[in-house]
Every structure is written in structure tokens, then in C-alpha cells.
file structure_22.txt (compact mmCIF, C-alpha atoms)
# COMPACT_ATOMS: atom_id res chain seq x y z
CA MET B 1 162.02 137.78 -12.37
CA ALA B 2 159.79 139.51 -9.83
CA GLU B 3 156.04 139.09 -10.35
CA THR B 4 154.29 142.11 -11.85
CA PRO B 5 152.07 143.81 -9.23
CA ARG B 6 148.37 143.14 -9.84
CA SER B 7 147.64 146.85 -10.25
CA ALA B 8 150.38 147.35 -12.88
CA ARG B 9 149.34 147.75 -16.52
CA SER B 10 151.16 146.81 -19.70
CA GLY B 11 149.71 149.62 -21.85
CA GLU B 12 148.48 147.03 -24.35
CA ILE B 13 145.02 146.84 -25.90
CA TRP B 14 143.93 143.22 -26.29
CA ILE B 15 141.68 142.37 -29.24
CA LEU B 16 139.57 139.29 -28.49
CA GLY B 17 138.19 137.83 -31.70
CA ALA B 18 141.05 139.39 -33.64
CA GLY B 19 140.62 137.02 -36.58
CA GLY B 20 137.09 138.20 -37.40
CA ARG B 21 136.00 141.05 -39.66
CA ILE B 22 135.43 143.53 -36.85
CA GLY B 23 138.42 142.40 -34.76
CA SER B 24 140.85 142.79 -37.63
CA ALA B 25 139.40 146.21 -38.49
CA VAL B 26 139.68 147.38 -34.87
CA THR B 27 143.30 146.20 -34.85
CA ALA B 28 144.06 148.22 -37.99
CA HIS B 29 142.39 151.36 -36.59
CA LEU B 30 144.38 151.15 -33.35
CA ALA B 31 147.68 150.52 -35.09
CA ALA B 32 147.03 153.61 -37.23
CA GLN B 33 146.65 155.59 -33.99
CA GLY B 34 150.07 154.40 -32.83
CA LEU B 35 148.59 152.24 -30.07
CA GLU B 36 149.52 148.68 -29.10
CA PRO B 37 146.93 146.09 -30.24
CA VAL B 38 147.61 142.51 -29.14
CA LEU B 39 145.78 139.74 -31.00
CA VAL B 40 143.96 137.21 -28.81
CA GLY B 41 142.49 133.95 -30.09
CA ARG B 42 142.05 130.23 -29.64
CA GLU B 43 144.75 127.55 -29.82
CA SER B 44 143.03 126.02 -32.87
CA GLY B 45 143.99 129.08 -34.90
CA GLY B 46 147.11 129.93 -32.94
CA ASP B 47 149.67 129.55 -35.73
CA ARG B 48 147.70 131.77 -38.08
CA LEU B 49 147.16 134.33 -35.32
CA ARG B 50 150.85 134.44 -34.45
CA LYS B 51 151.78 134.94 -38.10
CA THR B 52 149.27 137.77 -38.46
CA ALA B 53 150.61 139.38 -35.29
CA ALA B 54 154.21 139.09 -36.53
CA ASP B 55 153.24 140.68 -39.86
CA LEU B 56 151.72 143.58 -37.92
CA GLY B 57 154.73 143.94 -35.64
CA THR B 58 152.77 143.01 -32.53
CA ARG B 59 152.27 139.81 -30.55
CA ALA B 60 149.57 137.20 -30.03
CA VAL B 61 148.05 135.65 -26.92
CA VAL B 62 146.55 132.20 -27.39
CA ALA B 63 144.09 130.77 -24.86
CA ASP B 64 141.08 128.50 -25.09
CA GLY B 65 137.72 129.33 -23.60
CA VAL B 66 136.52 132.37 -21.69
CA ASP B 67 138.07 131.18 -18.43
CA GLY B 68 141.45 130.69 -20.13
CA ILE B 69 141.34 134.18 -21.62
CA ALA B 70 140.25 135.66 -18.29
CA ALA B 71 143.19 133.96 -16.58
CA GLU B 72 145.62 135.51 -19.08
CA ILE B 73 144.05 138.95 -18.58
CA THR B 74 144.50 138.59 -14.83
CA ARG B 75 148.10 137.45 -15.25
CA GLN B 76 149.32 139.86 -17.95
CA ARG B 77 147.26 142.95 -17.00
CA PRO B 78 146.52 144.70 -20.33
CA ALA B 79 145.34 148.29 -20.10
CA VAL B 80 142.22 147.71 -22.26
CA VAL B 81 140.38 144.57 -23.40
CA PHE B 82 138.07 144.60 -26.42
CA ASN B 83 135.67 141.65 -26.36
CA GLY B 84 134.70 140.78 -29.92
CA ILE B 85 134.04 137.07 -29.39
CA GLY B 86 130.29 137.40 -28.89
CA ASP B 87 127.95 135.44 -26.57
CA TYR B 88 128.11 138.51 -24.36
CA ALA B 89 125.51 137.32 -21.88
CA GLN B 90 128.03 134.64 -20.87
CA THR B 91 131.40 136.25 -21.59
CA ALA B 92 131.08 139.93 -20.69
CA THR B 93 130.95 139.87 -16.91
CA VAL B 94 133.68 137.21 -16.64
CA LEU B 95 136.10 139.15 -18.83
CA ALA B 96 135.18 142.55 -17.37
CA ARG B 97 135.89 141.33 -13.85
CA ALA B 98 139.23 139.93 -15.01
CA CYS B 99 140.20 143.47 -16.04
CA MET B 100 139.72 144.79 -12.51
CA PRO B 101 141.26 146.57 -10.73
CA GLY B 102 142.41 149.36 -12.96
CA GLY B 103 141.97 147.77 -16.38
CA HIS B 104 139.29 148.80 -18.85
CA TYR B 105 136.84 146.76 -20.94
CA LEU B 106 134.53 147.24 -23.94
CA ASP B 107 132.25 145.02 -26.00
CA LEU B 108 129.69 145.07 -28.83
CA ALA B 109 126.69 143.71 -26.92
CA ALA B 110 123.37 145.12 -28.11
CA ASP B 111 120.76 142.91 -26.45
CA LEU B 112 118.63 143.28 -23.34
CA THR B 113 120.32 140.44 -21.50
CA ALA B 114 124.05 141.19 -21.78
CA VAL B 115 123.92 145.00 -21.65
CA PRO B 116 122.00 145.27 -18.34
CA ARG B 117 124.26 142.63 -16.78
CA LEU B 118 127.35 144.65 -17.57
CA LEU B 119 125.77 147.92 -16.44
CA ASP B 120 124.96 146.23 -13.12
CA LEU B 121 128.74 146.13 -12.48
CA HIS B 122 128.82 149.94 -12.24
CA GLN B 123 129.53 150.22 -8.51
CA GLU B 124 132.04 147.36 -8.59
CA ALA B 125 133.90 149.01 -11.47
CA GLU B 126 133.89 152.40 -9.74
CA GLN B 127 135.48 150.91 -6.65
CA ALA B 128 138.07 149.11 -8.80
CA GLY B 129 138.96 152.21 -10.82
CA SER B 130 137.97 150.44 -14.06
CA THR B 131 135.86 151.69 -16.96
CA LEU B 132 133.48 149.23 -18.62
CA VAL B 133 131.71 150.12 -21.88
CA THR B 134 129.00 147.98 -23.47
CA GLY B 135 127.31 148.51 -26.81
CA ALA B 136 130.40 150.08 -28.36
CA GLY B 137 129.27 149.75 -31.97
CA PHE B 138 126.61 150.93 -34.40
CA GLY B 139 124.10 149.26 -32.13
CA VAL B 140 123.75 151.09 -29.31
CA LEU B 141 125.66 154.29 -30.17
CA ALA B 142 123.99 155.24 -33.47
CA THR B 143 120.60 155.88 -31.87
CA GLU B 144 121.81 156.80 -28.36
CA ALA B 145 123.89 159.66 -29.76
CA VAL B 146 120.92 161.10 -31.65
CA VAL B 147 118.76 161.01 -28.50
CA ILE B 148 121.49 162.82 -26.57
CA LYS B 149 121.64 165.53 -29.27
CA LEU B 150 117.87 165.96 -29.36
CA CYS B 151 117.51 166.20 -25.57
CA GLU B 152 120.55 168.26 -24.60
CA ASP B 153 119.64 171.44 -22.67
CA ARG B 154 115.94 170.54 -22.82
CA PRO B 155 113.40 169.23 -20.31
CA VAL B 156 112.48 165.56 -20.19
CA PRO B 157 110.45 164.55 -23.26
CA ALA B 158 107.20 162.64 -22.97
CA ASP B 159 107.95 160.17 -25.72
CA VAL B 160 110.99 158.94 -27.66
CA ARG B 161 111.21 156.54 -30.59
CA VAL B 162 114.50 155.30 -32.03
CA ASP B 163 115.11 153.35 -35.23
CA ALA B 164 118.36 151.45 -35.92
CA LEU B 165 118.84 151.00 -39.68
CA ALA B 166 122.19 149.34 -40.29
CA SER B 167 123.24 148.63 -43.87
CA VAL B 168 125.77 145.80 -43.93
CA SER B 169 127.62 143.96 -46.69
CA LEU B 170 127.98 140.23 -46.06
CA SER B 171 130.86 137.96 -46.98
CA ALA B 172 130.30 134.41 -48.18
CA GLY B 173 130.49 131.86 -45.37
CA VAL B 174 128.47 130.32 -42.58
CA VAL B 175 126.10 132.33 -40.39
CA GLY B 176 128.04 131.46 -37.23
CA ALA B 177 126.88 130.72 -33.69
CA ALA B 178 126.93 134.30 -32.38
CA PHE B 179 124.66 135.75 -35.08
CA ALA B 180 122.41 132.68 -35.04
CA ALA B 181 121.95 132.98 -31.28
CA SER B 182 121.05 136.67 -31.53
CA MET B 183 118.35 135.95 -34.12
CA ILE B 184 116.87 133.04 -32.15
CA ASP B 185 116.92 135.00 -28.91
CA MET B 186 115.01 137.81 -30.62
CA PHE B 187 112.09 135.42 -31.08
CA THR B 188 112.28 133.90 -27.60
CA THR B 189 112.50 137.29 -25.86
CA GLY B 190 109.80 139.05 -27.86
CA GLY B 191 109.53 142.81 -28.10
CA ARG B 192 110.01 145.37 -25.35
CA ARG B 193 109.07 149.03 -24.79
CA TYR B 194 108.94 151.56 -21.96
CA THR B 195 105.46 152.51 -20.74
CA ASP B 196 105.00 154.87 -17.77
CA GLY B 197 108.72 154.63 -17.12
CA ARG B 198 108.80 150.83 -16.88
CA MET B 199 110.04 148.29 -19.38
CA ALA B 200 107.15 146.14 -20.52
CA PRO B 201 106.63 143.27 -22.98
CA ALA B 202 105.54 144.06 -26.53
CA ARG B 203 104.89 141.97 -29.60
CA LEU B 204 107.97 141.21 -31.72
CA GLY B 205 107.56 143.24 -34.89
CA ALA B 206 105.30 145.83 -33.27
CA ASP B 207 105.42 149.50 -34.35
CA PRO B 208 106.38 148.74 -37.98
CA GLN B 209 107.96 151.70 -39.74
CA HIS B 210 108.34 152.58 -43.43
CA LEU B 211 110.89 155.34 -43.27
CA THR B 212 112.07 157.73 -45.96
CA LEU B 213 115.75 158.33 -45.27
CA PRO B 214 117.44 161.73 -45.67
CA ASP B 215 119.07 160.56 -48.92
CA GLY B 216 115.67 159.63 -50.36
CA GLN B 217 115.98 155.85 -49.98
CA ARG B 218 113.43 153.80 -48.07
CA ALA B 219 113.83 151.36 -45.19
CA LYS B 220 111.56 149.12 -43.14
CA SER B 221 111.93 148.38 -39.43
CA ALA B 222 109.93 146.96 -36.54
CA GLY B 223 110.09 146.47 -32.79
CA ALA B 224 112.61 144.07 -31.25
CA PRO B 225 114.31 143.54 -27.86
CA THR B 226 117.49 145.53 -28.43
CA ALA B 227 119.63 147.53 -26.04
CA GLU B 228 118.98 150.72 -28.03
CA LEU B 229 115.75 150.81 -25.99
CA LEU B 230 117.58 150.88 -22.65
CA ALA B 231 120.13 153.42 -23.85
CA ALA B 232 117.45 155.75 -25.24
CA HIS B 233 115.55 155.61 -21.95
CA ARG B 234 118.67 156.37 -19.92
CA ALA B 235 119.65 159.22 -22.26
CA SER B 236 116.22 160.88 -22.24
CA ASN B 237 114.43 159.74 -19.04
CA ALA B 238 111.28 159.74 -21.18
CA PRO B 239 108.48 157.63 -19.65
CA SER B 240 107.49 156.28 -23.08
CA VAL B 241 110.22 154.82 -25.32
CA THR B 242 109.98 152.49 -28.31
CA VAL B 243 112.66 151.03 -30.56
CA THR B 244 112.58 149.52 -34.01
CA THR B 245 115.35 147.89 -36.00
CA GLY B 246 115.87 146.79 -39.56
CA MET B 247 116.87 143.37 -38.18
CA ALA B 248 113.34 142.64 -36.91
CA PRO B 249 110.73 140.80 -38.98
CA THR B 250 108.60 143.26 -40.93
CA SER B 251 106.41 140.97 -43.06
CA PRO B 252 102.87 140.51 -41.67
CA ALA B 253 103.13 136.71 -41.96
CA VAL B 254 106.35 136.44 -39.95
CA ARG B 255 105.12 138.93 -37.36
CA ALA B 256 101.93 136.90 -36.94
CA LEU B 257 103.90 133.68 -36.40
CA ALA B 258 106.55 135.25 -34.13
CA PRO B 259 104.82 134.49 -30.78
CA LEU B 260 104.40 130.81 -31.67
CA ALA B 261 108.00 130.61 -32.92
CA GLY B 262 109.17 132.20 -29.69
CA ARG B 263 107.32 129.65 -27.55
CA LEU B 264 108.71 126.74 -29.56
CA LEU B 265 112.27 128.06 -29.50
CA SER B 266 112.02 128.49 -25.73
CA ILE B 267 112.08 124.69 -25.49
CA GLU B 268 115.77 123.98 -24.91
CA ALA B 269 116.00 120.97 -27.22
CA LEU B 270 114.37 122.88 -30.08
CA ARG B 271 116.55 125.92 -29.41
CA ARG B 272 119.72 123.81 -29.60
CA PHE B 273 118.56 122.19 -32.83
CA ALA B 274 117.64 125.54 -34.41
CA LEU B 275 120.91 127.11 -33.26
CA GLU B 276 123.01 124.29 -34.70
CA ARG B 277 121.21 124.34 -38.05
CA THR B 278 121.16 128.12 -38.36
CA ALA B 279 124.82 128.53 -37.38
CA LYS B 280 125.86 126.12 -40.15
CA ALA B 281 123.69 127.75 -42.84
CA ARG B 282 125.73 129.32 -45.61
CA MET B 283 125.43 132.94 -46.67
CA LYS B 284 126.16 134.30 -50.11
CA GLU B 285 128.34 137.34 -50.58
CA THR B 286 125.84 140.19 -50.52
CA PRO B 287 126.41 143.90 -51.05
CA ALA B 288 125.04 146.40 -48.54
CA PRO B 289 121.38 147.18 -49.34
CA ARG B 290 121.93 150.92 -49.00
CA ARG B 291 124.80 153.38 -49.28
CA TYR B 292 124.51 154.46 -45.65
CA SER B 293 123.53 153.12 -42.25
CA TRP B 294 121.25 155.37 -40.21
CA GLY B 295 120.46 155.94 -36.58
CA HIS B 296 117.17 157.82 -36.15
CA ALA B 297 115.26 159.29 -33.22
CA VAL B 298 112.11 161.32 -32.69
CA ALA B 299 111.43 163.05 -29.37
CA THR B 300 108.13 164.65 -28.40
CA TRP B 301 107.59 166.94 -25.40
CA PRO B 302 104.42 167.40 -23.31
CA ASP B 303 103.74 170.77 -24.96
CA GLY B 304 103.67 169.12 -28.40
CA THR B 305 107.19 170.17 -29.45
CA ARG B 306 108.72 167.52 -31.70
CA ARG B 307 112.35 167.10 -32.76
CA GLU B 308 113.80 164.58 -35.17
CA GLY B 309 117.40 163.63 -35.88
CA TRP B 310 119.56 161.24 -37.85
CA LEU B 311 123.09 159.90 -37.66
CA ARG B 312 124.58 158.89 -41.01
CA ALA B 313 127.32 156.26 -41.08
CA ASP B 314 128.86 153.96 -43.65
CA ASP B 315 128.56 150.15 -43.63
CA GLY B 316 127.25 149.13 -40.21
CA MET B 317 130.04 146.62 -39.55
CA ASP B 318 132.75 149.06 -40.60
CA TYR B 319 131.22 151.78 -38.42
CA THR B 320 131.05 149.35 -35.50
CA ALA B 321 134.79 148.71 -35.84
CA SER B 322 135.44 152.46 -35.94
CA VAL B 323 133.36 153.05 -32.81
CA ALA B 324 135.08 150.23 -30.92
CA ALA B 325 138.52 151.53 -31.89
CA ALA B 326 137.60 155.07 -30.83
CA VAL B 327 136.37 153.84 -27.45
CA ALA B 328 139.44 151.62 -26.92
CA GLY B 329 141.76 154.45 -27.86
CA ASN B 330 140.00 156.88 -25.52
CA LEU B 331 140.24 154.38 -22.66
CA ALA B 332 143.91 153.71 -23.36
CA ARG B 333 144.58 157.46 -23.15
CA GLY B 334 142.87 157.65 -19.76
CA GLU B 335 139.82 159.54 -21.01
CA GLY B 336 137.25 157.23 -19.41
CA ARG B 337 135.47 157.42 -16.08
CA PRO B 338 135.28 154.52 -13.61
CA GLY B 339 132.01 152.62 -13.72
CA ALA B 340 129.93 150.79 -16.32
CA HIS B 341 128.47 152.81 -19.20
CA THR B 342 126.99 152.80 -22.66
CA PRO B 343 129.30 154.64 -25.10
CA GLY B 344 127.30 157.84 -25.54
CA ALA B 345 126.66 158.14 -21.81
CA LEU B 346 130.42 158.03 -21.20
CA PHE B 347 131.86 160.05 -24.06
CA GLY B 348 128.87 162.08 -25.25
CA ALA B 349 127.31 162.37 -28.68
CA GLY B 350 130.62 163.56 -30.11
CA LEU B 351 131.89 159.97 -30.02
CA ALA B 352 129.58 159.19 -32.94
CA GLU B 353 131.34 161.87 -34.99
CA GLN B 354 134.78 160.79 -33.78
CA ALA B 355 134.00 157.38 -35.29
CA GLY B 356 133.04 158.93 -38.63
CA GLY B 357 129.29 159.54 -38.30
CA GLN B 358 127.49 162.73 -39.31
CA PHE B 359 124.46 164.23 -37.56
CA LEU B 360 121.45 165.65 -39.38
CA ILE B 361 119.35 167.26 -36.64
CA ASP B 362 115.91 168.77 -37.14

call {"tool": "encode", "arguments": {"input": "structure_22.txt", "output": "C-alpha cells"}}
result
Amino acid sequence: MAETPRSARSGEIWILGAGGRIGSAVTAHLAAQGLEPVLVGRESGGDRLRKTAADLGTRAVVADGVDGIAAEITRQRPAVVFNGIGDYAQTATVLARACMPGGHYLDLAADLTAVPRLLDLHQEAEQAGSTLVTGAGFGVLATEAVVIKLCEDRPVPADVRVDALASVSLSAGVVGAAFAASMIDMFTTGGRRYTDGRMAPARLGADPQHLTLPDGQRAKSAGAPTAELLAAHRASNAPSVTVTTGMAPTSPAVRALAPLAGRLLSIEALRRFALERTAKARMKETPAPRRYSWGHAVATWPDGTRREGWLRADDGMDYTASVAAAVAGNLARGEGRPGAHTPGALFGAGLAEQAGGQFLID
């Protein structure tokens, strides 16, 4: 059989991390759209993955390690690759480059290491005719979309603040390495904000907020190094931008100890120990703390004009799966644009509604 040309595409959408909560939900969303999800996982769970794929009427690809998966992407040439395996600072650029030329890529990164690295591939992706999307979940899109709505057809604001308030139900099980790493890295990185148009360090847990939500419930949040900050700055061009998240420490005691914890966890041996212990910690099944997840933004202009907006979504994990499926489906239908983008920058604020969110704009 003749070898498939490198530029040819199978039309398939590969789901990396298909056995997880979000991966399985993305698969279901895509199948409901009549698209072709292919389940991708490790050899250790290969038999289970193949059975699941057969039950769904699709197929499975089994490969171990990021390099093994990248090799299969290069060989089989799927149209779209969804990266749901985490550790995006290490996996994203390798897998995105394997999709080029002509293939498209998306992931759920929401940190200030992985997201800028993928966006730095913009020119390379343009030349390859590939579309790369990072932050294709509740975190980044939920706040980015609100900023886009507040700033459309208006001059550049002087100041923007965004608040990411996900409400997530948890299943019983272990924390896992990906989530453990994100929590530890929050302490080692510390906070960030934009001042005079430049990203600058800030104290983790700075700018604490006690917000009354549109449905009357209350939520706490504080500053953390999340990619919502970068996306809000790119969407608004505001010289002053701050971000808070419900994932950040809000108690005064933890905020006071955060700098010391960050210095200790920066020691590689201590980081490895903390990561191993945290990843193995068991979680109880926990209902979502609130009925809705919320993305929130406030923009203020030099003349004192102030606008506020909210995006209402359901469970943050479920909404993330819906966003990722919407982005993957759009890319599979050729609706993207070559280059590297955050989701709102590529598809506009309407993507948040396409995924099931609802705007409440001041």
C-alpha cells in the first residue's frame, strides 16, 4: 500500500486522555455532532480503551509517552488532536508540532508557563497552515469571553479585573499528578498582574475578593498565576490587569505563609516529595459548592466609565468538556485560522454561548 502523503488528513479527531472525565465527555459531545472521535491512551489501559472504542463504534490508538503519541500523530495524520493528558508545559509544544503541517491542535492549559509557550508557535503554525488553540476550557474562555464582550466597539480601558469562579463536583479517587502539579506550581510561581502594560510579580493571594454572584450566592477568590491574566490583557490591551480565582488561597494564614511555601517547594527534592504525596492523596466524592460556575470581569475606562459582566455556566468540568468539543468541532469543519490562539481570540465571545454559557452584561 502506498504511504499516505504527509499533508493528507484522515478527518479524525483524536482524544488524548480519553479515559478521563473530560476526555470521555468530549468524546460523547463529538459523537453527538456526527464527528469521528478516536480514543488515544496508554498501553497499560489499552484493552479497556479498545473495548470502550468498540462500544462507541470508533477505534483506539495505543501509544506510551508523549513521544510515542507524537509519532503516531505524525504517521496517521488526524485532522484535529485534543490534548487532555495534562502536564501541558511539557506536552503541548511536542504534540502541536506533530500536528503540523495542516493538522489542528487544542488543549486545556490555563497556566502562565504552558499557554505562552504554545502562543509562541503562532508564526510556525501560520506557515504550516495549522490552527493551535490553548486554554480551550472554562479556564481561559469563561473570563476572556466576558472581557471581549465588555470591550467590543470601545476604546482601550485603563483597568481590567477578571475573576474565575468554577464550581466543580469531585469524584472519589486520588488527586492525580496533573492537578497536584498545578497546585504546587501555583505556590512556586507566586502571583502575577499587569502594571503599566507589563506583567509583574504579585503576592499569591493578593486582591482577595468576596463576590456576590448574580444568583445571590457568595464566592471568595484571590490572585494567582493563571492564563486568564494573559488572555484578558490580549483581549483588552488594558495597561492594568488583575486576575483572581476561586482556586487560590483566600485564608489570611495561608496567604501569609504562601511566599515561604513557594521558596521551599522551589527546591527540587522538596517539590518531588510534595508532588508524590499530593498526587496520591485521596479525595472524597464532593458535590459542586454552587449551582453555577461564573466568569466575571470589570473594565474601567480613563473617563471613569465602568462596565461589569458575567458568564454563567454549569459545572466547571462539564463546561470545559463542552468548550473543548465546540473548539474541536469548529476546527474539524475548517472554521479555524492558522496560527496559535486562545479560544475567544479565535472564535469570538460567541464560543462561550456555543458551549452552553449565558452572558449577563452590565

call {"tool": "axis_aligned_box", "arguments": {"input": "structure_22.txt", "around": "segment 238-247 of chain B", "padding_each_side": "3 Å", "output": "AutoDock Vina command-line options"}}
result
--center_x 112.2 --center_y 151.6 --center_z -29.6 --size_x 15.4 --size_y 22.4 --size_z 25.9

call {"tool": "closest_residue", "arguments": {"input": "structure_22.txt", "among": "B:Ala352, B:Arg21, B:Thr342, B:Trp301", "to": "Ser171 of chain B", "atoms": "only C-alpha atoms"}}
result
B:Arg21

call {"tool": "residues_around", "arguments": {"input": "structure_22.txt", "residues": "Ala180 of chain B", "least_positions_apart": "3", "cutoff": "10 Å", "atoms": "only C-alpha atoms", "output": "MDAnalysis selection string"}}
result
chainID B and resid 174:177 183:185 274:281

call {"tool": "write_last_selection", "arguments": {"input": "structure_22.txt", "atoms": "C-alpha atoms", "output": "mmCIF file, in the coordinates of the input"}}
result
data_model
loop_
_atom_site.group_PDB
_atom_site.id
_atom_site.type_symbol
_atom_site.label_atom_id
_atom_site.label_comp_id
_atom_site.auth_asym_id
_atom_site.auth_seq_id
_atom_site.Cartn_x
_atom_site.Cartn_y
_atom_site.Cartn_z
ATOM 1 C CA VAL B 174 128.470 130.320 -42.580
ATOM 2 C CA VAL B 175 126.100 132.330 -40.390
ATOM 3 C CA GLY B 176 128.040 131.460 -37.230
ATOM 4 C CA ALA B 177 126.880 130.720 -33.690
ATOM 5 C CA MET B 183 118.350 135.950 -34.120
ATOM 6 C CA ILE B 184 116.870 133.040 -32.150
ATOM 7 C CA ASP B 185 116.920 135.000 -28.910
ATOM 8 C CA ALA B 274 117.640 125.540 -34.410
ATOM 9 C CA LEU B 275 120.910 127.110 -33.260
ATOM 10 C CA GLU B 276 123.010 124.290 -34.700
ATOM 11 C CA ARG B 277 121.210 124.340 -38.050
ATOM 12 C CA THR B 278 121.160 128.120 -38.360
ATOM 13 C CA ALA B 279 124.820 128.530 -37.380
ATOM 14 C CA LYS B 280 125.860 126.120 -40.150
ATOM 15 C CA ALA B 281 123.690 127.750 -42.840
#

call {"tool": "residues_near_point", "arguments": {"input": "structure_22.txt", "point": "(134.7, 151.6, -32.1)", "cutoff": "9 Å", "atoms": "all atoms listed in the file", "output": "PyMOL selection string"}}
result
chain B and resi 26+29+108+136-138+319-329+355

call {"tool": "write_last_selection", "arguments": {"input": "structure_22.txt", "atoms": "C-alpha atoms", "output": "PDB file, in the coordinates of the input"}}
result
ATOM      1  CA  VAL B  26     139.680 147.380 -34.870  1.00  0.00           C
ATOM      2  CA  HIS B  29     142.390 151.360 -36.590  1.00  0.00           C
ATOM      3  CA  LEU B 108     129.690 145.070 -28.830  1.00  0.00           C
ATOM      4  CA  ALA B 136     130.400 150.080 -28.360  1.00  0.00           C
ATOM      5  CA  GLY B 137     129.270 149.750 -31.970  1.00  0.00           C
ATOM      6  CA  PHE B 138     126.610 150.930 -34.400  1.00  0.00           C
ATOM      7  CA  TYR B 319     131.220 151.780 -38.420  1.00  0.00           C
ATOM      8  CA  THR B 320     131.050 149.350 -35.500  1.00  0.00           C
ATOM      9  CA  ALA B 321     134.790 148.710 -35.840  1.00  0.00           C
ATOM     10  CA  SER B 322     135.440 152.460 -35.940  1.00  0.00           C
ATOM     11  CA  VAL B 323     133.360 153.050 -32.810  1.00  0.00           C
ATOM     12  CA  ALA B 324     135.080 150.230 -30.920  1.00  0.00           C
ATOM     13  CA  ALA B 325     138.520 151.530 -31.890  1.00  0.00           C
ATOM     14  CA  ALA B 326     137.600 155.070 -30.830  1.00  0.00           C
ATOM     15  CA  VAL B 327     136.370 153.840 -27.450  1.00  0.00           C
ATOM     16  CA  ALA B 328     139.440 151.620 -26.920  1.00  0.00           C
ATOM     17  CA  GLY B 329     141.760 154.450 -27.860  1.00  0.00           C
ATOM     18  CA  ALA B 355     134.000 157.380 -35.290  1.00  0.00           C
TER      19      ALA B 355
END

call {"tool": "residues_around", "arguments": {"input": "structure_22.txt", "residues": "Glu308 of chain B", "least_positions_apart": "3", "cutoff": "9 Å", "atoms": "all atoms listed in the file", "output": "number ranges by chain"}}
result
B: 146, 150, 296-300, 360-362

call {"tool": "atom_distance", "arguments": {"input": "structure_22.txt", "atom1": "atom CA of Ala70 of chain B", "atom2": "atom CA of Leu35 of chain B"}}
result
22.0 Å

call {"tool": "closest_residue", "arguments": {"input": "structure_22.txt", "among": "B:Leu39, B:Leu311, B:Ala256, B:Ala200", "to": "Lys149 of chain B", "atoms": "only C-alpha atoms"}}
result
B:Leu311

call {"tool": "decode", "arguments": {"input": "structure_22.txt", "residues": "segment 87-102 of chain B", "atoms": "C-alpha atoms", "output": "mmCIF file, in the first residue's frame"}}
result
data_model
loop_
_atom_site.group_PDB
_atom_site.id
_atom_site.type_symbol
_atom_site.label_atom_id
_atom_site.label_comp_id
_atom_site.auth_asym_id
_atom_site.auth_seq_id
_atom_site.Cartn_x
_atom_site.Cartn_y
_atom_site.Cartn_z
ATOM 1 C CA ASP B 87 1.437 18.482 32.008
ATOM 2 C CA TYR B 88 0.973 20.989 29.206
ATOM 3 C CA ALA B 89 4.259 22.794 29.772
ATOM 4 C CA GLN B 90 5.965 19.578 28.615
ATOM 5 C CA THR B 91 3.428 18.014 26.250
ATOM 6 C CA ALA B 92 1.788 20.870 24.349
ATOM 7 C CA THR B 93 4.540 22.029 22.012
ATOM 8 C CA VAL B 94 5.644 18.461 21.196
ATOM 9 C CA LEU B 95 2.134 17.359 20.246
ATOM 10 C CA ALA B 96 1.244 20.616 18.483
ATOM 11 C CA ARG B 97 4.309 20.357 16.264
ATOM 12 C CA ALA B 98 3.420 16.751 15.449
ATOM 13 C CA CYS B 99 0.126 18.041 14.018
ATOM 14 C CA MET B 100 1.916 20.266 11.502
ATOM 15 C CA PRO B 101 1.579 20.833 8.633
ATOM 16 C CA GLY B 102 -2.131 21.158 8.171
#
